[in-house]
file work_39.tsv (TSV, C-alpha atoms and all ligand atoms)
chain	number	residue	atom	x	y	z
A	1142	MET	CA	134.43	89.60	10.91
A	1143	ARG	CA	135.46	90.21	7.35
A	1144	LYS	CA	132.92	90.05	4.57
A	1145	ASN	CA	134.67	86.99	3.02
A	1146	ASP	CA	134.63	85.13	6.37
A	1147	MET	CA	130.90	85.83	6.72
A	1148	PHE	CA	130.21	84.22	3.33
A	1149	PHE	CA	132.35	81.26	4.26
A	1150	TYR	CA	130.48	80.60	7.53
A	1151	LEU	CA	127.06	81.22	5.94
A	1152	SER	CA	127.72	78.85	3.07
A	1153	ARG	CA	129.10	76.18	5.47
A	1154	PHE	CA	125.93	76.56	7.58
A	1155	LEU	CA	123.69	76.21	4.55
A	1156	ILE	CA	125.57	73.11	3.30
A	1157	THR	CA	125.25	71.53	6.77
A	1158	VAL	CA	121.48	72.23	6.83
A	1159	LEU	CA	121.08	70.80	3.34
A	1160	ILE	CA	123.03	67.63	4.19
A	1161	SER	CA	120.99	67.23	7.42
A	1162	ILE	CA	117.68	67.57	5.58
A	1163	THR	CA	118.76	65.03	2.95
A	1164	PHE	CA	119.96	62.66	5.68
A	1165	ILE	CA	116.75	62.96	7.75
A	1166	THR	CA	114.61	62.42	4.64
A	1167	LEU	CA	116.57	59.33	3.70
A	1168	ILE	CA	116.44	57.86	7.21
A	1169	SER	CA	112.70	58.54	7.59
A	1170	PHE	CA	112.04	56.98	4.18
A	1171	ILE	CA	113.96	53.82	5.17
A	1172	ILE	CA	112.27	53.61	8.59
A	1173	LEU	CA	108.77	54.45	7.44
A	1174	ARG	CA	108.73	52.32	4.26
A	1175	PRO	CA	107.75	48.99	5.86
A	1176	VAL	CA	105.11	50.69	8.02
A	1177	SER	CA	103.30	52.37	5.14
A	1178	GLY	CA	102.91	49.04	3.26
A	1179	THR	CA	105.54	47.08	1.40
A	1180	LYS	CA	105.58	46.76	-2.33
A	1181	GLU	CA	104.81	43.05	-1.95
A	1182	ASN	CA	101.64	43.75	0.02
A	1183	ILE	CA	100.37	46.20	-2.54
A	1184	THR	CA	101.06	43.78	-5.37
A	1185	LYS	CA	99.19	41.00	-3.59
A	1186	LEU	CA	96.22	43.24	-2.99
A	1187	ASP	CA	96.11	44.37	-6.61
A	1188	LYS	CA	96.38	40.83	-7.89
A	1189	SER	CA	93.53	39.57	-5.75
A	1190	GLU	CA	91.37	42.49	-6.85
A	1191	ILE	CA	92.10	41.89	-10.51
A	1192	LYS	CA	91.51	38.17	-10.12
A	1193	SER	CA	88.09	38.59	-8.57
A	1194	LYS	CA	87.08	41.10	-11.23
A	1195	ASN	CA	88.19	38.97	-14.14
A	1196	ILE	CA	86.56	35.71	-13.13
A	1197	PRO	CA	83.37	35.31	-15.12
A	1198	ASN	CA	82.41	32.17	-13.18
A	1199	VAL	CA	79.77	32.53	-10.54
A	1200	PRO	CA	81.31	32.77	-7.07
A	1201	ILE	CA	79.76	30.80	-4.22
A	1202	LYS	CA	77.81	33.20	-2.01
A	1203	ASN	CA	74.92	33.09	0.39
A	1204	HIS	CA	71.66	33.75	-1.33
A	1205	GLU	CA	69.07	34.98	1.13
A	1206	LYS	CA	66.50	35.89	-1.46
A	1207	ASN	CA	65.26	33.65	-4.21
A	1208	ILE	CA	67.09	33.86	-7.49
A	1209	LYS	CA	64.85	34.88	-10.37
A	1210	VAL	CA	65.15	33.55	-13.88
A	1211	LYS	CA	63.73	34.93	-17.13
A	1212	VAL	CA	62.54	32.11	-19.39
A	1213	TYR	CA	61.47	32.52	-23.00
A	1214	ILE	CA	58.37	30.38	-23.65
A	1215	SER	CA	58.63	29.65	-27.37
A	1216	GLN	CA	55.00	28.50	-27.83
A	1217	LYS	CA	53.67	31.79	-26.41
A	1218	ARG	CA	56.56	33.95	-27.65
A	1219	THR	CA	56.76	35.59	-24.25
A	1220	VAL	CA	59.33	35.92	-21.49
A	1221	GLU	CA	58.22	34.75	-18.04
A	1222	GLU	CA	60.09	35.59	-14.85
A	1223	MET	CA	59.97	32.92	-12.14
A	1224	ASP	CA	61.83	31.62	-9.07
A	1225	LEU	CA	64.83	29.50	-9.98
A	1226	GLU	CA	63.58	26.59	-7.85
A	1227	GLU	CA	60.18	26.66	-9.62
A	1228	TYR	CA	61.93	26.74	-12.99
A	1229	ILE	CA	64.00	23.65	-12.06
A	1230	LYS	CA	60.79	21.65	-11.42
A	1231	GLY	CA	59.59	22.39	-14.96
A	1232	VAL	CA	62.98	21.40	-16.41
A	1233	ILE	CA	63.04	18.02	-14.64
A	1234	ALA	CA	59.46	17.41	-15.76
A	1235	ALA	CA	60.42	18.04	-19.38
A	1236	GLU	CA	63.95	16.66	-19.47
A	1237	MET	CA	63.81	13.38	-17.52
A	1238	PRO	CA	61.26	10.54	-17.32
A	1239	VAL	CA	59.54	11.01	-13.95
A	1240	GLU	CA	59.53	7.21	-13.43
A	1241	PHE	CA	63.32	7.39	-12.95
A	1242	ASN	CA	64.80	6.78	-9.50
A	1243	ILE	CA	64.58	9.81	-7.17
A	1244	GLU	CA	68.41	10.00	-6.93
A	1245	ALA	CA	68.59	10.40	-10.72
A	1246	LEU	CA	65.96	13.16	-10.53
A	1247	LYS	CA	68.00	14.87	-7.81
A	1248	ALA	CA	71.16	14.66	-9.97
A	1249	GLN	CA	69.11	16.18	-12.81
A	1250	ALA	CA	67.88	18.95	-10.48
A	1251	VAL	CA	71.43	19.95	-9.50
A	1252	ALA	CA	72.69	19.79	-13.11
A	1253	ALA	CA	69.71	21.85	-14.36
A	1254	ARG	CA	70.16	24.44	-11.58
A	1255	THR	CA	73.85	24.73	-12.39
A	1256	TYR	CA	73.08	25.09	-16.10
A	1257	ALA	CA	70.52	27.80	-15.37
A	1258	LEU	CA	72.94	29.73	-13.19
A	1259	ALA	CA	75.51	29.66	-15.97
A	1260	HIS	CA	72.91	31.51	-18.06
A	1261	ILE	CA	71.43	33.97	-15.54
A	1262	GLU	CA	72.98	37.27	-16.44
A	1263	SER	CA	72.59	38.88	-13.00
A	1264	GLU	CA	74.53	35.94	-11.51
A	1265	GLY	CA	77.44	36.37	-13.90
A	1266	GLY	CA	76.11	33.91	-16.47
A	1267	LYS	CA	75.81	34.19	-20.22
A	1268	ARG	CA	72.20	34.38	-21.35
A	1269	CYS	CA	70.61	32.39	-24.17
A	1270	SER	CA	71.97	33.52	-27.52
A	1271	ASN	CA	68.71	32.81	-29.37
A	1272	VAL	CA	66.37	35.33	-27.73
A	1273	LEU	CA	66.57	38.83	-26.35
A	1274	ASN	CA	65.62	39.69	-22.75
A	1275	ALA	CA	65.64	36.10	-21.48
A	1276	ASP	CA	68.23	34.13	-19.55
A	1277	LEU	CA	67.17	30.84	-21.10
A	1278	CYS	CA	64.75	29.59	-23.73
A	1279	ASN	CA	62.49	26.59	-23.09
A	1280	THR	CA	63.73	24.53	-26.06
A	1281	THR	CA	66.58	22.02	-26.48
A	1282	HIS	CA	68.79	25.02	-27.34
A	1283	CYS	CA	69.01	25.69	-23.57
A	1284	GLN	CA	66.95	23.35	-21.37
A	1285	VAL	CA	63.46	22.13	-22.12
A	1286	PHE	CA	60.96	23.54	-19.60
A	1287	MET	CA	57.25	22.78	-19.16
A	1288	HIS	CA	54.64	24.22	-16.79
A	1289	LYS	CA	52.96	21.79	-14.39
A	1290	ASP	CA	49.49	21.87	-16.04
A	1291	GLU	CA	50.98	21.33	-19.47
A	1292	ARG	CA	53.06	18.35	-18.29
A	1293	MET	CA	50.18	16.77	-16.36
A	1294	LYS	CA	48.21	16.39	-19.62
A	1295	ASP	CA	50.64	13.64	-20.75
A	1296	TRP	CA	50.61	11.76	-17.45
A	1297	PRO	CA	47.94	9.24	-16.35
A	1298	LYS	CA	45.36	11.16	-14.28
A	1299	SER	CA	45.68	8.79	-11.34
A	1300	LYS	CA	49.46	9.35	-11.10
A	1301	GLY	CA	49.82	13.03	-12.02
A	1302	GLU	CA	49.87	14.55	-8.53
A	1303	ALA	CA	52.21	11.86	-7.14
A	1304	TYR	CA	54.58	12.36	-10.07
A	1305	TRP	CA	54.65	16.12	-9.51
A	1306	ARG	CA	55.29	15.63	-5.77
A	1307	LYS	CA	58.26	13.42	-6.66
A	1308	ILE	CA	59.70	16.22	-8.80
A	1309	GLU	CA	59.05	18.76	-6.02
A	1310	ASP	CA	60.85	16.49	-3.54
A	1311	SER	CA	63.91	16.17	-5.79
A	1312	VAL	CA	64.12	19.97	-6.00
A	1313	LYS	CA	63.47	20.57	-2.27
A	1314	GLU	CA	66.04	17.98	-1.18
A	1315	THR	CA	68.75	19.63	-3.32
A	1316	ARG	CA	67.69	23.23	-2.74
A	1317	SER	CA	70.39	25.77	-3.76
A	1318	GLU	CA	72.86	23.00	-4.57
A	1319	VAL	CA	75.09	23.39	-7.60
A	1320	ILE	CA	78.10	21.64	-9.14
A	1321	THR	CA	81.42	23.34	-8.47
A	1322	TYR	CA	84.97	22.85	-9.69
A	1323	GLY	CA	87.83	24.56	-7.86
A	1324	GLY	CA	85.33	26.48	-5.71
A	1325	LYS	CA	83.38	27.95	-8.62
A	1326	VAL	CA	80.05	27.01	-10.15
A	1327	ILE	CA	80.78	25.14	-13.36
A	1328	LYS	CA	79.80	26.67	-16.69
A	1329	GLU	CA	79.27	23.53	-18.78
A	1330	PRO	CA	77.15	20.99	-16.86
A	1331	TYR	CA	76.15	19.24	-20.09
A	1332	TYR	CA	73.88	16.22	-20.03
A	1333	PHE	CA	72.23	14.02	-22.63
A	1334	ALA	CA	69.78	11.09	-22.86
A	1335	VAL	CA	71.53	7.78	-23.54
A	1336	SER	CA	75.21	6.84	-23.83
A	1337	SER	CA	76.83	4.12	-25.92
A	1338	GLY	CA	78.41	2.69	-22.76
A	1339	ASN	CA	80.95	5.51	-22.42
A	1340	THR	CA	80.66	9.30	-22.32
A	1341	GLU	CA	82.79	11.55	-24.54
A	1342	ASN	CA	85.76	13.82	-23.86
A	1343	ALA	CA	84.55	17.42	-24.40
A	1344	SER	CA	87.77	18.07	-26.33
A	1345	GLU	CA	86.76	15.49	-28.97
A	1346	VAL	CA	83.22	16.80	-29.46
A	1347	PHE	CA	83.42	20.57	-28.89
A	1348	SER	CA	87.16	21.03	-29.69
A	1349	GLU	CA	87.46	22.59	-26.25
A	1350	SER	CA	89.08	20.83	-23.34
A	1351	ILE	CA	87.00	21.11	-20.16
A	1352	PRO	CA	88.70	19.47	-17.16
A	1353	TYR	CA	85.55	17.96	-15.63
A	1354	LEU	CA	84.10	16.65	-18.91
A	1355	LYS	CA	86.14	13.51	-19.46
A	1356	SER	CA	85.17	10.18	-21.01
A	1357	VAL	CA	83.87	7.79	-18.31
A	1358	LYS	CA	82.18	4.40	-18.35
A	1359	SER	CA	78.38	4.51	-18.30
A	1360	PRO	CA	77.02	0.98	-18.12
A	1361	GLY	CA	73.49	-0.35	-17.72
A	1362	GLU	CA	71.69	1.64	-20.43
A	1363	GLU	CA	70.89	-1.20	-22.81
A	1364	SER	CA	67.20	-1.17	-21.84
A	1365	ALA	CA	66.74	2.39	-23.12
A	1366	GLN	CA	64.62	2.52	-26.24
A	1367	LYS	CA	67.17	4.66	-28.03
A	1368	TYR	CA	70.23	2.65	-26.97
A	1369	LYS	CA	70.52	1.16	-30.45
A	1370	THR	CA	68.73	2.52	-33.53
A	1371	SER	CA	69.10	1.98	-37.24
A	1372	ILE	CA	68.21	4.16	-40.25
A	1373	SER	CA	68.14	2.86	-43.80
A	1374	TYR	CA	68.90	4.91	-46.93
A	1375	SER	CA	68.76	3.87	-50.55
A	1376	ASN	CA	72.15	4.31	-52.24
A	1377	ASN	CA	70.59	7.05	-54.34
A	1378	SER	CA	69.14	9.08	-51.50
A	1379	LEU	CA	72.32	8.98	-49.39
A	1380	THR	CA	74.41	9.98	-52.42
A	1381	ASN	CA	72.07	12.92	-53.03
A	1382	ILE	CA	72.19	14.05	-49.40
A	1383	ILE	CA	76.01	13.96	-49.30
A	1384	ASN	CA	76.38	15.68	-52.68
A	1385	GLY	CA	73.87	18.31	-51.52
A	1386	TYR	CA	76.33	19.32	-48.78
A	1387	TYR	CA	79.56	18.57	-50.65
A	1388	PRO	CA	78.90	18.75	-54.42
A	1389	LYS	CA	80.40	15.99	-56.56
A	1390	SER	CA	82.09	14.26	-53.61
A	1391	ILE	CA	80.35	10.95	-54.51
A	1392	PRO	CA	80.60	10.48	-58.34
A	1393	SER	CA	77.69	8.00	-58.52
A	1394	SER	CA	75.48	5.94	-56.21
A	1395	ASN	CA	77.28	2.81	-57.47
A	1396	SER	CA	80.53	4.11	-56.01
A	1397	LEU	CA	79.02	4.98	-52.60
A	1398	LYS	CA	80.71	2.17	-50.71
A	1399	SER	CA	84.20	2.99	-51.96
A	1400	ASN	CA	83.69	6.70	-51.22
A	1401	ILE	CA	82.59	6.55	-47.58
A	1402	LYS	CA	85.16	5.59	-45.01
A	1403	ILE	CA	85.30	6.08	-41.24
A	1404	LYS	CA	88.75	7.60	-40.59
A	1405	SER	CA	88.98	7.89	-36.81
A	1406	ARG	CA	87.03	7.31	-33.63
A	1407	THR	CA	87.02	9.01	-30.21
A	1408	GLU	CA	88.14	7.32	-26.99
A	1409	ALA	CA	84.47	6.46	-26.34
A	1410	GLY	CA	84.11	4.88	-29.79
A	1411	SER	CA	82.21	7.61	-31.64
A	1412	VAL	CA	83.11	8.66	-35.17
A	1413	LYS	CA	85.55	11.54	-35.05
A	1414	GLU	CA	86.16	11.97	-38.77
A	1415	LEU	CA	84.99	10.28	-41.94
A	1416	GLN	CA	85.98	10.54	-45.56
A	1417	LEU	CA	83.25	11.41	-48.08
A	1418	GLY	CA	85.00	11.18	-51.43
A	1419	LYS	CA	87.82	13.70	-51.19
A	1420	THR	CA	86.21	15.60	-48.30
A	1421	THR	CA	86.96	14.94	-44.64
A	1422	VAL	CA	83.91	15.57	-42.46
A	1423	SER	CA	83.56	15.41	-38.65
A	1424	GLY	CA	81.27	12.84	-37.07
A	1425	VAL	CA	79.35	15.75	-35.48
A	1426	LYS	CA	78.72	17.31	-38.92
A	1427	PHE	CA	77.66	13.96	-40.43
A	1428	ARG	CA	75.27	13.42	-37.52
A	1429	SER	CA	73.59	16.80	-38.12
A	1430	MET	CA	73.44	16.23	-41.91
A	1431	LEU	CA	71.45	13.03	-41.45
A	1432	GLY	CA	69.75	13.81	-38.14
A	1433	LEU	CA	71.35	10.76	-36.52
A	1434	ASN	CA	70.73	9.95	-32.86
A	1435	SER	CA	74.46	10.06	-32.03
A	1436	THR	CA	77.94	10.14	-33.54
A	1437	ASN	CA	78.56	6.58	-32.33
A	1438	PHE	CA	77.56	4.79	-35.52
A	1439	SER	CA	78.62	2.09	-37.91
A	1440	ILE	CA	77.77	1.89	-41.60
A	1441	VAL	CA	76.47	-1.30	-43.16
A	1442	PHE	CA	76.53	-1.40	-46.99
A	1443	ASN	CA	73.88	-3.61	-48.60
A	1444	LYS	CA	73.41	-4.10	-52.34
A	1445	ASN	CA	71.12	-1.10	-52.98
A	1446	SER	CA	70.92	0.46	-49.56
A	1447	VAL	CA	72.96	1.57	-46.56
A	1448	ASP	CA	72.08	1.07	-42.86
A	1449	ILE	CA	73.47	3.47	-40.32
A	1450	VAL	CA	73.37	1.88	-36.88
A	1451	CYS	CA	73.64	4.31	-33.95
A	1452	LYS	CA	74.44	3.62	-30.33
A	1453	GLY	CA	73.21	6.10	-27.73
A	1454	TYR	CA	71.21	9.31	-28.09
A	1455	GLY	CA	72.62	12.82	-27.74
A	1456	HIS	CA	76.04	14.49	-27.88
A	1457	GLY	CA	77.52	12.12	-25.30
A	1458	VAL	CA	79.24	14.79	-23.16
A	1459	GLY	CA	78.68	15.04	-19.39
A	1460	MET	CA	75.91	13.20	-17.54
A	1461	SER	CA	73.97	10.44	-19.27
A	1462	GLN	CA	70.41	10.56	-17.92
A	1463	TRP	CA	69.84	6.82	-18.43
A	1464	GLY	CA	73.26	6.14	-16.94
A	1465	ALA	CA	72.31	8.29	-13.93
A	1466	ASN	CA	69.21	6.16	-13.47
A	1467	ALA	CA	71.26	2.94	-13.78
A	1468	MET	CA	73.65	4.23	-11.07
A	1469	ALA	CA	70.73	5.26	-8.84
A	1470	LYS	CA	69.20	1.79	-9.20
A	1471	SER	CA	72.48	0.30	-7.99
A	1472	ASN	CA	72.20	2.41	-4.83
A	1473	LYS	CA	74.41	5.37	-5.76
A	1474	ASN	CA	73.19	8.72	-4.47
A	1475	TYR	CA	72.92	11.90	-6.56
A	1476	LYS	CA	76.25	13.27	-5.35
A	1477	GLU	CA	78.00	10.06	-6.41
A	1478	ILE	CA	76.25	10.22	-9.78
A	1479	LEU	CA	77.30	13.83	-10.39
A	1480	GLY	CA	80.86	13.14	-9.17
A	1481	HIS	CA	81.12	10.30	-11.69
A	1482	TYR	CA	79.91	12.20	-14.75
A	1483	TYR	CA	81.57	15.53	-13.85
A	1484	GLN	CA	85.01	14.39	-12.77
A	1485	GLY	CA	86.73	16.30	-9.96
A	1486	THR	CA	83.65	18.36	-9.09
A	1487	LYS	CA	81.73	18.81	-5.84
A	1488	VAL	CA	78.13	19.57	-4.94
A	1489	GLU	CA	77.93	22.76	-2.85
A	1490	LYS	CA	75.19	25.08	-1.63
A	1491	LEU	CA	75.01	28.53	-3.21
A	1501	ZN	ZN	68.34	29.09	-25.63

call {"tool": "encode", "arguments": {"input": "work_39.tsv", "output": "structure tokens", "more": "lines below"}}
Ligand SMILES: [Zn+2]
result
Amino acid sequence: MRKNDMFFYLSRFLITVLISITFITLISFIILRPVSGTKENITKLDKSEIKSKNIPNVPIKNHEKNIKVKVYISQKRTVEEMDLEEYIKGVIAAEMPVEFNIEALKAQAVAARTYALAHIESEGGKRCSNVLNADLCNTTHCQVFMHKDERMKDWPKSKGEAYWRKIEDSVKETRSEVITYGGKVIKEPYYFAVSSGNTENASEVFSESIPYLKSVKSPGEESAQKYKTSISYSNNSLTNIINGYYPKSIPSSNSLKSNIKIKSRTEAGSVKELQLGKTTVSGVKFRSMLGLNSTNFSIVFNKNSVDIVCKGYGHGVGMSQWGANAMAKSNKNYKEILGHYYQGTKVEKL
């Protein structure tokens, strides 16, 4: 064999080997690709992982041990750790009249438990923004909470123990139950004392649309003491209050009537915006300026004074406590009550 022929055969052999290797690699890649996991599968897996990591809402899971909650007791300036179920008893005692129907107390128990969970940091909640090292404070900023002995002082001695047992029953009968929306514990189970006959859309009060906080009818609350209230101001004092917040918006107390005008109302009938001279103010702001019971008010101008007549008590979003009691008295159970005030939600066990 000549030297040139040898090179020819060697190079042809090498090219063949190279082509074969390339071919085998290609074939094995095509064959093995579906076995080792398709791109689609990997994407799905990643997405589900990301989703579960990014959801701040509390997932439903089985709690074998008791959930603990850290409560700031403002009177003592201390943080107390207690069982969630014990904490709920103290919230019902402080937040709802114990004479209410048991189904209303049970609805309150579930709403209070859900609210607490939305604040318990270890459960994925956002703790109270007013105090350090506590999940919730015991004031209206979070939920009002009272210990049994403290609450009993205000109750008639002969009824105290029976009242407390009623609260304990409402907690026991709803143990671990929370309000969920789309399979997750809701973050805004707001409630308030008395409605004006309708609850508010969250979007019109908090400028944030929350799907389960929609305006619903809430009849039967007329017997509540705070259903209708009236506050009287002299023209002078109201002018001074308004000008204190918005200087020179009312030129003189004589021109008060022509300088206050209700501009718009919410679906439920509350004041959305009002005109104070040249300034537009929200009903929520006006309520806080004057310490009104609600934003559902009308203004009556007399010769030297102004009456502000309010309907309802509280922010009007979510469950009305008096409305819950009215529903309970007409034989609705706590799940029906919660389903009415928190539209599209369910009651589920943790
Ligand atoms: Zn708080």

call {"tool": "closest_atom_pairs", "arguments": {"input": "work_39.tsv", "of": "chain A", "to": "ligand ZN 1501 (chain A)", "cutoff": "10 Å", "atoms": "all atoms listed in the file", "output": "tab-separated table"}}
result
residue	atom	partner	partner_atom	distance
A:Val1212	CA	A:ZN1501	ZN	9.0
A:Tyr1213	CA	A:ZN1501	ZN	8.1
A:Ser1215	CA	A:ZN1501	ZN	9.9
A:His1260	CA	A:ZN1501	ZN	9.2
A:Arg1268	CA	A:ZN1501	ZN	7.8
A:Cys1269	CA	A:ZN1501	ZN	4.3
A:Ser1270	CA	A:ZN1501	ZN	6.0
A:Asn1271	CA	A:ZN1501	ZN	5.3
A:Val1272	CA	A:ZN1501	ZN	6.9
A:Leu1273	CA	A:ZN1501	ZN	9.9
A:Ala1275	CA	A:ZN1501	ZN	8.6
A:Asp1276	CA	A:ZN1501	ZN	7.9
A:Leu1277	CA	A:ZN1501	ZN	5.0
A:Cys1278	CA	A:ZN1501	ZN	4.1
A:Asn1279	CA	A:ZN1501	ZN	6.9
A:Thr1280	CA	A:ZN1501	ZN	6.5
A:Thr1281	CA	A:ZN1501	ZN	7.3
A:His1282	CA	A:ZN1501	ZN	4.4
A:Cys1283	CA	A:ZN1501	ZN	4.0
A:Gln1284	CA	A:ZN1501	ZN	7.3
A:Val1285	CA	A:ZN1501	ZN	9.2

call {"tool": "residues_near_point", "arguments": {"input": "work_39.tsv", "point": "(72.9, 22.4, -20.8)", "cutoff": "10 Å", "atoms": "all atoms listed in the file", "output": "VMD selection string"}}
result
chain A and resid 1252 to 1257 1259 to 1260 1281 to 1285 1328 to 1333 1459

call {"tool": "closest_residue", "arguments": {"input": "work_39.tsv", "among": "A:Leu1354, A:Ile1229, A:Val1239, A:Leu1379", "to": "Val1312 in chain A", "atoms": "only C-alpha atoms"}}
result
A:Ile1229

call {"tool": "closest_residue", "arguments": {"input": "work_39.tsv", "among": "A:Gln1366, A:Trp1463, A:Lys1402, A:Thr1380", "to": "Ser1446 in chain A", "atoms": "all atoms listed in the file"}}
result
A:Thr1380

call {"tool": "axis_aligned_box", "arguments": {"input": "work_39.tsv", "around": "range 1345-1359 of chain A", "padding_each_side": "3 Å", "output": "AutoDock Vina command-line options"}}
result
--center_x 83.7 --center_y 13.5 --center_z -22.7 --size_x 16.7 --size_y 24.2 --size_z 20.1

call {"tool": "atom_distance", "arguments": {"input": "work_39.tsv", "atom1": "CA of Ile1382 in chain A", "atom2": "CA of Ser1411 in chain A"}}
result
21.4 Å

call {"tool": "atom_distance", "arguments": {"input": "work_39.tsv", "atom1": "CA of Val1412 in chain A", "atom2": "CA of Ser1435 in chain A"}}
result
9.3 Å

call {"tool": "atom_distance", "arguments": {"input": "work_39.tsv", "atom1": "CA of Ala1235 in chain A", "atom2": "CA of Lys1289 in chain A"}}
result
9.7 Å

call {"tool": "closest_residue", "arguments": {"input": "work_39.tsv", "among": "A:Val1488, A:Ile1308, A:Ala1303, A:Val1210", "to": "Lys1230 in chain A", "atoms": "all atoms listed in the file"}}
result
A:Ile1308

call {"tool": "residues_around", "arguments": {"input": "work_39.tsv", "residues": "range 1429-1432 of chain A", "least_positions_apart": "4", "cutoff": "10 Å", "atoms": "only C-alpha atoms", "output": "mmCIF file with C-alpha atoms, keeping the file's coordinate frame"}}
result
data_model
loop_
_atom_site.group_PDB
_atom_site.id
_atom_site.type_symbol
_atom_site.label_atom_id
_atom_site.label_comp_id
_atom_site.auth_asym_id
_atom_site.auth_seq_id
_atom_site.Cartn_x
_atom_site.Cartn_y
_atom_site.Cartn_z
ATOM 1 C CA ILE A 1372 68.210 4.160 -40.250
ATOM 2 C CA LEU A 1379 72.320 8.980 -49.390
ATOM 3 C CA ILE A 1382 72.190 14.050 -49.400
ATOM 4 C CA ILE A 1383 76.010 13.960 -49.300
ATOM 5 C CA GLY A 1385 73.870 18.310 -51.520
ATOM 6 C CA TYR A 1386 76.330 19.320 -48.780
ATOM 7 C CA GLY A 1424 81.270 12.840 -37.070
ATOM 8 C CA VAL A 1425 79.350 15.750 -35.480
ATOM 9 C CA THR A 1436 77.940 10.140 -33.540
ATOM 10 C CA ILE A 1449 73.470 3.470 -40.320
#

call {"tool": "closest_residue", "arguments": {"input": "work_39.tsv", "among": "A:Ala1467, A:Ala1234, A:Val1251, A:Leu1491", "to": "Asp1295 in chain A", "atoms": "all atoms listed in the file"}}
result
A:Ala1234

call {"tool": "closest_residue", "arguments": {"input": "work_39.tsv", "among": "A:Ser1356, A:Ser1311, A:Thr1370, A:Asn1400", "to": "Ala1250 in chain A", "atoms": "only C-alpha atoms"}}
result
A:Ser1311

call {"tool": "closest_residue", "arguments": {"input": "work_39.tsv", "among": "A:Lys1473, A:Lys1211, A:Lys1313, A:Lys1367", "to": "Ile1261 in chain A", "atoms": "all atoms listed in the file"}}
result
A:Lys1211

call {"tool": "residues_around", "arguments": {"input": "work_39.tsv", "residues": "Tyr1454 in chain A", "least_positions_apart": "5", "cutoff": "7 Å", "atoms": "all atoms listed in the file", "output": "number ranges by chain"}}
result
A: 1334-1336, 1367-1368, 1434-1435

call {"tool": "residues_near_point", "arguments": {"input": "work_39.tsv", "point": "(50.9, 15.6, -10.8)", "cutoff": "12 Å", "atoms": "all atoms listed in the file", "output": "list in words"}}
result
Lys1230, Gly1231, Ala1234, Val1239, His1288, Lys1289, Asp1290, Glu1291, Arg1292, Met1293, Lys1294, Asp1295, Trp1296, Pro1297, Lys1298, Ser1299, Lys1300, Gly1301, Glu1302, Ala1303, Tyr1304, Trp1305, Arg1306, Lys1307, Ile1308 and Glu1309 of chain A

call {"tool": "build_atoms", "arguments": {"input": "work_39.tsv", "residues": "range 1264-1275 of chain A", "atoms": "N, CA and C atoms", "output": "mmCIF file, in the frame of the given file"}}
result
data_model
loop_
_atom_site.group_PDB
_atom_site.id
_atom_site.type_symbol
_atom_site.label_atom_id
_atom_site.label_comp_id
_atom_site.auth_asym_id
_atom_site.auth_seq_id
_atom_site.Cartn_x
_atom_site.Cartn_y
_atom_site.Cartn_z
ATOM 1 N N GLU A 1264 73.658 36.787 -12.333
ATOM 2 C CA GLU A 1264 74.530 35.940 -11.510
ATOM 3 C C GLU A 1264 75.884 35.724 -12.197
ATOM 4 N N GLY A 1265 76.160 36.491 -13.207
ATOM 5 C CA GLY A 1265 77.440 36.370 -13.900
ATOM 6 C C GLY A 1265 77.421 35.378 -15.033
ATOM 7 N N GLY A 1266 76.223 34.893 -15.385
ATOM 8 C CA GLY A 1266 76.110 33.910 -16.470
ATOM 9 C C GLY A 1266 75.951 34.564 -17.839
ATOM 10 N N LYS A 1267 75.951 33.708 -18.856
ATOM 11 C CA LYS A 1267 75.810 34.190 -20.220
ATOM 12 C C LYS A 1267 74.447 33.760 -20.735
ATOM 13 N N ARG A 1268 73.580 34.727 -20.993
ATOM 14 C CA ARG A 1268 72.200 34.380 -21.350
ATOM 15 C C ARG A 1268 72.088 33.694 -22.711
ATOM 16 N N CYS A 1269 70.905 33.105 -22.927
ATOM 17 C CA CYS A 1269 70.610 32.390 -24.170
ATOM 18 C C CYS A 1269 70.905 33.279 -25.375
ATOM 19 N N SER A 1270 71.587 32.708 -26.360
ATOM 20 C CA SER A 1270 71.970 33.520 -27.520
ATOM 21 C C SER A 1270 70.868 33.580 -28.570
ATOM 22 N N ASN A 1271 69.776 32.855 -28.361
ATOM 23 C CA ASN A 1271 68.710 32.810 -29.370
ATOM 24 C C ASN A 1271 67.617 33.854 -29.192
ATOM 25 N N VAL A 1272 67.454 34.360 -27.953
ATOM 26 C CA VAL A 1272 66.370 35.330 -27.730
ATOM 27 C C VAL A 1272 66.863 36.513 -26.899
ATOM 28 N N LEU A 1273 66.233 37.644 -27.118
ATOM 29 C CA LEU A 1273 66.570 38.830 -26.350
ATOM 30 C C LEU A 1273 65.799 38.808 -25.024
ATOM 31 N N ASN A 1274 66.327 39.482 -24.025
ATOM 32 C CA ASN A 1274 65.620 39.690 -22.750
ATOM 33 C C ASN A 1274 65.266 38.437 -21.979
ATOM 34 N N ALA A 1275 65.896 37.313 -22.267
ATOM 35 C CA ALA A 1275 65.640 36.100 -21.480
ATOM 36 C C ALA A 1275 66.981 35.465 -21.129
#
